[in-house]
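Visitor: To start, I am sharing the structure in question, which I have written as structure tokens.
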Amino acid sequence: MTKNYWMFATTEENFLISSKMGLNLHGFGKKYKRRTDRMNAGDEVIYYLRDKMKWCAVSEIESSAFEDTSPVWITQSRGEDFRYRVKMNPKIILKTDQYVDASLVAPTLKYLKRWPLELWQLAFIEDLHLLPQKDFRFIEGEIKRIQNS
């Protein structure tokens with residue numbers, strides 16, 4: 001089974017909700033079912049805060065996706081229920097003042113080559129992204145560097 005490298009794009013508000021639960025669960029809406037079906041235990045994840053344009057955590061997926069509609073997170077659009085969920089095992093959670101500024105790092109990523117440089121943030125609008133391993137490791141390295149400084 002191939003290991004995948006994901007980026008979960010969320011709001012700071014929902015990230016804080018997840019953090020208060022130990023960052024052990026993450027959910028996605030109906031439109032992400034096909035992608036969540038590709039998730040496996042051992043896949044790695046980087047959290048990106050869309051509203052802050054910063055990376056803030058590294059985690060590992062511990063389960064395949066399952067369906068649960070109990071309310072946990074704050075919805076941004078009508079009908080959003082974050083029903084497709086995975087259990088998580090957090091590896092690094094940065095403090096708020098340590099978050100990695102994506103504007104300094106993102107333009108160098110291979111994943112963003114399809115977007116004009118000045119519009120790189122459009123690439124991260126959706127909630128779920130499958131990143132190339134090299135990009136994932138680069139972002140993870142920046143997170144680790146900040147954590148250890």
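Just remember, in the structure tokens the first chain shown is A, the second B, etc., residues are 1-based per chain, and ligands are 1-based in the order shown.
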Identify all residues of stretch 45-77 of chain A in strand (DSSP E) (DSSP on the backbone) and supply them as a list in words.
Guide: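 Secondary structure check on stretch 45-77 of chain A, strand (DSSP E): Val45, Ile46, Tyr47, Tyr48, Leu49, Lys54, Trp55, Cys56, Ala57, Val58, Ser59, Glu60, Ile61, Phe66 and Glu67 of chain A.
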Visitor: Keeping only C-alpha atoms, write those residues as a PDB file, in the first residue's frame.
Guide:
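File again.pdb, as written:
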```pdb
ATOM      1  CA  VAL A  45      -0.683  15.073   7.311  1.00  0.00           C
ATOM      2  CA  ILE A  46       0.242  18.739   7.547  1.00  0.00           C
ATOM      3  CA  TYR A  47      -2.351  21.195   8.845  1.00  0.00           C
ATOM      4  CA  TYR A  48      -2.774  24.509   7.036  1.00  0.00           C
ATOM      5  CA  LEU A  49      -4.850  27.404   8.374  1.00  0.00           C
ATOM      6  CA  LYS A  54       0.108  29.356   7.974  1.00  0.00           C
ATOM      7  CA  TRP A  55       1.072  25.754   8.682  1.00  0.00           C
ATOM      8  CA  CYS A  56       0.700  24.690  12.282  1.00  0.00           C
ATOM      9  CA  ALA A  57       0.941  20.931  12.837  1.00  0.00           C
ATOM     10  CA  VAL A  58       2.088  17.537  11.589  1.00  0.00           C
ATOM     11  CA  SER A  59       0.086  14.398  12.262  1.00  0.00           C
ATOM     12  CA  GLU A  60      -0.372  10.804  11.161  1.00  0.00           C
ATOM     13  CA  ILE A  61      -3.603   9.119  10.128  1.00  0.00           C
ATOM     14  CA  PHE A  66     -15.515   6.371   8.640  1.00  0.00           C
ATOM     15  CA  GLU A  67     -18.824   8.206   8.630  1.00  0.00           C
TER      16      GLU A  67
END
```
Visitor: Apply DSSP to the backbone of this structure and, from chain A, keep only the residues in helix (DSSP H, G or I); write these as a PyMOL selection string.
Guide: chain A and resi 12-20+30-36+96-98+102-108+110-112+117-124+133-148
Visitor: Please produce, as JSON lines, a per-residue contact table for stretch 11-115 of chain A versus stretch 130-139 of chain A (criterion: any atom at most 10 Å away, only C-alpha atoms considered), showing the nearest atom pair and its distance in Å to one decimal, sorted by chain then residue number.
Guide:
```
{"residue": "A:Arg35", "atom": "CA", "partner": "A:Leu130", "partner_atom": "CA", "distance": 8.7}
{"residue": "A:Glu44", "atom": "CA", "partner": "A:Phe136", "partner_atom": "CA", "distance": 8.7}
{"residue": "A:Val45", "atom": "CA", "partner": "A:Phe136", "partner_atom": "CA", "distance": 8.3}
{"residue": "A:Ile46", "atom": "CA", "partner": "A:Phe136", "partner_atom": "CA", "distance": 7.5}
{"residue": "A:Trp55", "atom": "CA", "partner": "A:Ile139", "partner_atom": "CA", "distance": 8.0}
{"residue": "A:Val58", "atom": "CA", "partner": "A:Ile139", "partner_atom": "CA", "distance": 9.5}
{"residue": "A:Val100", "atom": "CA", "partner": "A:Ile139", "partner_atom": "CA", "distance": 8.6}
{"residue": "A:Ala102", "atom": "CA", "partner": "A:Ile139", "partner_atom": "CA", "distance": 9.0}
{"residue": "A:Val105", "atom": "CA", "partner": "A:Ile139", "partner_atom": "CA", "distance": 7.6}
{"residue": "A:Ala106", "atom": "CA", "partner": "A:Ile139", "partner_atom": "CA", "distance": 8.5}
{"residue": "A:Thr108", "atom": "CA", "partner": "A:Asp135", "partner_atom": "CA", "distance": 8.8}
{"residue": "A:Leu109", "atom": "CA", "partner": "A:Asp135", "partner_atom": "CA", "distance": 5.7}
{"residue": "A:Lys110", "atom": "CA", "partner": "A:Asp135", "partner_atom": "CA", "distance": 6.6}
{"residue": "A:Tyr111", "atom": "CA", "partner": "A:Leu131", "partner_atom": "CA", "distance": 6.5}
{"residue": "A:Leu112", "atom": "CA", "partner": "A:Asp135", "partner_atom": "CA", "distance": 9.8}
```
Visitor: Could the residues in this selection be saved with C-alpha atoms as a compact mmCIF listing (two decimals), in the first residue's frame?
Guide:
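Below is the file that was written, out.txt:
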```txt
# COMPACT_ATOMS: atom_id res chain seq x y z
CA ARG A 35 -10.37 11.41 -1.41
CA GLU A 44 1.05 11.71 6.96
CA VAL A 45 -0.68 15.07 7.31
CA ILE A 46 0.24 18.74 7.55
CA TRP A 55 1.07 25.75 8.68
CA VAL A 58 2.09 17.54 11.59
CA VAL A 100 5.01 28.77 9.65
CA ALA A 102 3.08 29.98 4.05
CA VAL A 105 7.47 28.91 1.69
CA ALA A 106 4.54 28.06 -0.58
CA THR A 108 8.66 27.25 -3.95
CA LEU A 109 6.41 24.16 -3.84
CA LYS A 110 6.03 21.92 -6.88
CA TYR A 111 2.33 21.51 -5.99
CA LEU A 112 1.75 25.19 -6.77
```
Visitor: Looking at A:Lys87, A:Lys31, A:Arg50, A:His129, which one is nearest to A:Ser63, with distances taken over only C-alpha atoms?
Guide: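 Closest to A:Ser63, using only C-alpha atoms: A:Lys87.
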Visitor: Calculate how many Å separate atom CA of A:Arg38 from atom CA of A:Ile74, rounding to one decimal.
Guide: 24.6 Å
Visitor: Of the residues A:Leu25, A:Ile143, A:Met53, A:Leu119, which is the one nearest to A:Thr11, using only C-alpha atoms?
Guide: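 For A:Thr11, the nearest of the given residues is A:Met53.
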Visitor: Between atom CA of A:Gly27 and atom CA of A:Gln121, what is the distance in Å, rounded to a tenth?
Guide: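 These atoms are spaced 21.8 Å apart.
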Visitor: Go through A:Asp43, A:Asp97, A:Glu12, A:Glu140 one by one, measure the shortest atom-to-atom distance of each to A:Trp73 using only C-alpha atoms, and give the residue with the smallest value.
Guide: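 Among A:Asp43, A:Asp97, A:Glu12, A:Glu140, it is A:Glu12 that comes nearest to A:Trp73.
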Visitor: Excluding A:Tyr84 and its own-chain neighbours fewer than 2 positions away, which residues fall within 8 Å of it when counting only C-alpha atoms? Please give them as JSON, numbers by chain.
Guide: {"A": [27, 28, 29, 30, 32, 33, 36, 65, 66, 67, 68, 82, 86]}
Visitor: If I take atom CA of A:Pro90 and atom CA of A:Phe124, how far is one from the other in Å, to one decimal?
Guide: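 About the pair atom CA of A:Pro90 and atom CA of A:Phe124: they are 21.3 Å apart.
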Visitor: Counting only C-alpha atoms, figure out which residue out of A:Pro107, A:Ala41, A:Asp127, A:Ser149 gets nearest to A:Asn14.
Guide: A:Asp127
Visitor: Return the single residue from A:Asn4, A:Thr69, A:Thr96, A:Ser64 that is closest to A:Arg83, with distances computed using only C-alpha atoms.
Guide: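 Looking at the shortest contact to A:Arg83, the residue is A:Thr69.
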Visitor: Which residue out of A:Lys113, A:Arg145, A:Val72, A:Asp81 has the minimum interatomic distance to A:Ser18 when only C-alpha atoms are used?
Guide: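 Once distances to A:Ser18 are computed over only C-alpha atoms, the minimum belongs to A:Val72.
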